[in-house]
Amino acid sequence: MTAPLAVFFVLAGLAVIGAVSLILQKHPIHSALSLIVVMVALAGLYLLLGAEFVAAVQIIVYGGAIMVLFVFVIMLLNAGVEEHTSISKMAGAPGLLLVVALAGFVAATIARSSDGIQATSQTGEMSSTLGISNMIFKEFVYPFELTSFLILVAVLGASVLAQREKS
Amino acid sequence: MKSLLFANAELVITVVKIALLLFIVLTVNAYLTWFERKVVAHMQSRWGPHRVGPHGLLQPLADGVKFLFKEDPTPAGVDKFVYYLAPLLALALALTGIALIPFGPDPIRLRGHEIYLGIAPPDVNIGILALFAITAMGVYGVALAGWSSNSKYPLLGGLRSSAQMISYELALTMSVVGVLLMAGSFNLKKIIEAQAHHPEWGILGWNVWPQILGFFCFFVAAIAETNRVPFDLPEAESELVAGFHTEYASFKFAMFFIAEYTSMITVSCLCSIMFFGGWLSPFPASWTLTHYLPSAILIPFGLWVIWDGIRYETVFGRMVLPVLGTGITAAGAALILLPGVNAFIQGPFWLLSKILVFLFVYVWMRGTLPRFRYDQLMAFGWKLLLPLSIANVIVTSFVILAKMTWGAK
């Protein structure tokens, strides 16, 4: 087993454990912490693929900003321990079936691909900062500007909603 | 055993570097507390620590021993896992930040290996981004400590600090964009090299002149990110007892303490690297006489320590200080006699001097400025720093664009 493959399995395992723990934890803060583990493990996987910029942004935006907001809100509302209801049988049976189907689908795809599981190190267009900025600001500049316009509208809407009480 | 060591030489070198840097950073941290107490004391016309060892020099050691041997009670009703995780997270993230800093331009060549000063390899493409990622994660140590303590004041401290760190992170990130645009890279080494385009300009070539606005925003936001005076609201002792670490004692408290001081060092490193030319000398490259400056500082300082030691009031001081002074003088003299070492030491010498200056500014501000009120803090961050840093980015981009369009091809 090569070193990148070992790192891949450790990070992938961490991500899966984090995701499972996110669902099973009783306290919202513990769930949020599990989600942070998933985010950071994913960033590690991006780094392994050679996408340094995406990895850093993943941690700054998702691991940092968004999850801090989650934790902040949970702390502010002082959310308590959740009550877990028993899983309904109706949802249980199709859920199990779907899980098996999905696992089979993924396994089949991996088995079909000639390379098998490999920690590929792609150094394509998307990996470098230069490549990403070329794509965003040249090729996809109109969708990018539209998205930023949408976000600006959302920010304005949020401030209007937050100020409504005063007037 | 020996062949195994040589087969994994890179790995061994990295592990040794990590151990060495950890030792250095922790020692510097300890003496930073001594430095801070001394400087603040002298600003307030006091003596500061002076009982343990000559000039209180052994005080950090005594503090460390005290931290280790104190009783470490865990309050009832805390969330155990998170309560133990929080100081660990804070310390680990703070120390990871230091690992990304390059401390010198030239590698030490040893048996065909190039050993760079600093743990991360010098060609990390996302150097500054990785540092911001670590800063972004740093909030959790404080926020989780406040929440898991299950107590009013820590919770308030944790909430304040989360809000403060989210607010100032924006300004912090925006303020360096100007520097990144000028350097065209996230790599810390390239950022320094971009400031050395005109070797004859010396200090005038540094980023701080065109980016003075960016530097102001960065330094203020960075002080807020490290929760230091005047932005130390998360631990405002007059309102919140001790803020987020009220319920922590013994070594768990020490871990927060070390984390805070380590972040101070990281911020000082970043300020020197991004705005003050990192390891570049402030003098023009042709002034070779300035290469003797390390010796010119070390030898008189060592002589002064000897002179002060001979007259010191305690016997222990009379024994230790002259030995210390002789060591410093000898180091200074050795630098004159060994030109190779002297040339190598130039980069690290300038970087460390700049870091020391910024650490002094940190302490100076603590001795001078009163704490912000919470609403002032928020207004300052959102209404002044953020617009200023965005304006800085826009102006810088236009200047660079103009240079590209009309400037020399």
# chains A, B, ... in the order shown; residues from 1 in each chain; ligands from 1
call {"tool": "residues_around", "arguments": {"residues": "Leu69 of chain A", "least_positions_apart": "2", "cutoff": "12 Å", "atoms": "only C-alpha atoms", "output": "list in words"}}
result
Ile29, Ala32, Ile36, Val61, Tyr62, Gly63, Gly64, Ala65, Ile66, Met67, Val71, Phe72, Val73, Ile74, Met75 and Leu76 of chain A; Ala136, Met137, Val139, Tyr140, Ala143, Leu159, Ser162, Ala163, Gln164, Met165, Ile166 and Ser167 of chain B
call {"tool": "write_last_selection", "arguments": {"atoms": "C-alpha atoms", "output": "PDB file, in the first residue's frame"}}
result
ATOM      1  CA  ILE A  29     -23.139  20.548  19.286  1.00  0.00           C
ATOM      2  CA  ALA A  32     -22.010  19.982  14.490  1.00  0.00           C
ATOM      3  CA  ILE A  36     -16.688  19.692  11.003  1.00  0.00           C
ATOM      4  CA  VAL A  61     -15.630  28.516   4.017  1.00  0.00           C
ATOM      5  CA  TYR A  62     -17.205  25.274   5.214  1.00  0.00           C
ATOM      6  CA  GLY A  63     -14.993  24.229   8.117  1.00  0.00           C
ATOM      7  CA  GLY A  64     -14.557  27.792   9.303  1.00  0.00           C
ATOM      8  CA  ALA A  65     -17.261  30.288   8.428  1.00  0.00           C
ATOM      9  CA  ILE A  66     -20.371  28.151   7.936  1.00  0.00           C
ATOM     10  CA  MET A  67     -19.771  25.690  10.755  1.00  0.00           C
ATOM     11  CA  VAL A  71     -22.068  26.295  16.417  1.00  0.00           C
ATOM     12  CA  PHE A  72     -22.738  29.932  17.243  1.00  0.00           C
ATOM     13  CA  VAL A  73     -26.474  29.590  16.656  1.00  0.00           C
ATOM     14  CA  ILE A  74     -26.670  26.329  18.624  1.00  0.00           C
ATOM     15  CA  MET A  75     -24.833  27.992  21.502  1.00  0.00           C
ATOM     16  CA  LEU A  76     -26.977  31.119  21.306  1.00  0.00           C
TER      17      LEU A  76
ATOM     18  CA  ALA B 136     -10.724  30.046  10.633  1.00  0.00           C
ATOM     19  CA  MET B 137     -10.671  26.802  12.620  1.00  0.00           C
ATOM     20  CA  VAL B 139     -12.509  29.919  16.687  1.00  0.00           C
ATOM     21  CA  TYR B 140     -13.625  26.475  17.810  1.00  0.00           C
ATOM     22  CA  ALA B 143     -16.199  28.806  21.381  1.00  0.00           C
ATOM     23  CA  LEU B 159     -20.304  33.750  22.192  1.00  0.00           C
ATOM     24  CA  SER B 162     -17.209  33.671  17.996  1.00  0.00           C
ATOM     25  CA  ALA B 163     -19.003  36.831  16.897  1.00  0.00           C
ATOM     26  CA  GLN B 164     -15.792  38.853  17.081  1.00  0.00           C
ATOM     27  CA  MET B 165     -13.691  36.342  15.191  1.00  0.00           C
ATOM     28  CA  ILE B 166     -16.270  35.887  12.410  1.00  0.00           C
ATOM     29  CA  SER B 167     -16.530  39.664  11.997  1.00  0.00           C
TER      30      SER B 167
END
call {"tool": "interface_residues", "arguments": {"of": "chain B", "to": "chain A", "cutoff": "12 Å", "atoms": "only C-alpha atoms", "output": "PyMOL selection string"}}
result
chain B and resi 79-83+85-86+89+124-152+154-170+173+184-187
call {"tool": "closest_residue", "arguments": {"among": "B:Phe251, B:Phe35, B:Phe349, B:Phe372", "to": "Leu68 of chain B", "atoms": "only C-alpha atoms"}}
result
B:Phe251
call {"tool": "select_by_dssp", "arguments": {"residues": "segment 50-113 of chain A", "states": "helix (DSSP H, G or I)", "output": "PyMOL selection string"}}
result
chain A and resi 52-77+89-112
call {"tool": "residues_around", "arguments": {"residues": "Ile203 of chain B", "least_positions_apart": "4", "cutoff": "12 Å", "atoms": "only C-alpha atoms", "output": "PyMOL selection string"}}
result
chain B and resi 195-199+207-209+275-285+350
call {"tool": "residues_around", "arguments": {"residues": "Ala259 of chain B", "least_positions_apart": "6", "cutoff": "8 Å", "atoms": "only C-alpha atoms", "output": "list in words"}}
result
Ala90, Leu91, Ala92, Ala94 and Leu95 of chain B
call {"tool": "write_last_selection", "arguments": {"atoms": "C-alpha atoms", "output": "compact mmCIF listing (two decimals), in the first residue's frame"}}
result
# COMPACT_ATOMS: atom_id res chain seq x y z
CA ALA B 90 -6.70 25.59 20.44
CA LEU B 91 -3.09 24.60 21.08
CA ALA B 92 -2.79 22.18 18.15
CA ALA B 94 -1.94 27.53 16.98
CA LEU B 95 1.17 25.37 16.69
call {"tool": "atom_distance", "arguments": {"atom1": "atom CA of Leu240 of chain B", "atom2": "atom CA of Tyr153 of chain B"}}
result
5.2 Å
call {"tool": "closest_residue", "arguments": {"among": "A:Ala162, A:Val100, A:Met39, A:Val10", "to": "Leu22 of chain A", "atoms": "only C-alpha atoms"}}
result
A:Met39
call {"tool": "residues_around", "arguments": {"residues": "Leu21 of chain B", "least_positions_apart": "2", "cutoff": "10 Å", "atoms": "only C-alpha atoms", "output": "ChimeraX atom specification"}}
result
/B:15-19,23-27,95,98-99,117-119
call {"tool": "residues_around", "arguments": {"residues": "Ala171 of chain B", "least_positions_apart": "2", "cutoff": "7 Å", "atoms": "only C-alpha atoms", "output": "PDB file with N, CA and C atoms, in the first residue's frame"}}
result
ATOM      1  N   TYR B 168     -14.117  39.821  12.254  1.00  0.00           N
ATOM      2  CA  TYR B 168     -12.817  40.351  11.873  1.00  0.00           C
ATOM      3  C   TYR B 168     -12.092  39.482  10.873  1.00  0.00           C
ATOM      4  N   GLU B 169     -12.558  38.227  10.719  1.00  0.00           N
ATOM      5  CA  GLU B 169     -11.912  37.357   9.751  1.00  0.00           C
ATOM      6  C   GLU B 169     -12.057  37.917   8.339  1.00  0.00           C
ATOM      7  N   THR B 173      -8.948  38.791   5.930  1.00  0.00           N
ATOM      8  CA  THR B 173      -8.690  38.160   4.640  1.00  0.00           C
ATOM      9  C   THR B 173      -8.628  39.192   3.524  1.00  0.00           C
ATOM     10  N   MET B 174      -9.555  40.172   3.563  1.00  0.00           N
ATOM     11  CA  MET B 174      -9.572  41.169   2.494  1.00  0.00           C
ATOM     12  C   MET B 174      -8.313  42.035   2.510  1.00  0.00           C
ATOM     13  N   SER B 175      -7.766  42.281   3.714  1.00  0.00           N
ATOM     14  CA  SER B 175      -6.662  43.230   3.807  1.00  0.00           C
ATOM     15  C   SER B 175      -5.384  42.702   3.171  1.00  0.00           C
ATOM     16  N   CYS B 217      -5.284  47.629   8.315  1.00  0.00           N
ATOM     17  CA  CYS B 217      -6.433  46.731   8.467  1.00  0.00           C
ATOM     18  C   CYS B 217      -5.976  45.365   8.962  1.00  0.00           C
ATOM     19  N   ALA B 221      -7.085  43.790  12.543  1.00  0.00           N
ATOM     20  CA  ALA B 221      -7.910  42.586  12.495  1.00  0.00           C
ATOM     21  C   ALA B 221      -7.191  41.398  13.126  1.00  0.00           C
ATOM     22  N   LEU B 385     -13.185  48.857   9.198  1.00  0.00           N
ATOM     23  CA  LEU B 385     -12.126  47.992   8.678  1.00  0.00           C
ATOM     24  C   LEU B 385     -12.500  47.334   7.371  1.00  0.00           C
ATOM     25  N   LEU B 386     -13.726  46.768   7.307  1.00  0.00           N
ATOM     26  CA  LEU B 386     -14.112  46.031   6.105  1.00  0.00           C
ATOM     27  C   LEU B 386     -14.189  46.939   4.880  1.00  0.00           C
ATOM     28  N   SER B 389     -10.628  47.887   3.837  1.00  0.00           N
ATOM     29  CA  SER B 389      -9.843  46.842   3.188  1.00  0.00           C
ATOM     30  C   SER B 389     -10.358  46.565   1.786  1.00  0.00           C
TER      31      SER B 389
END
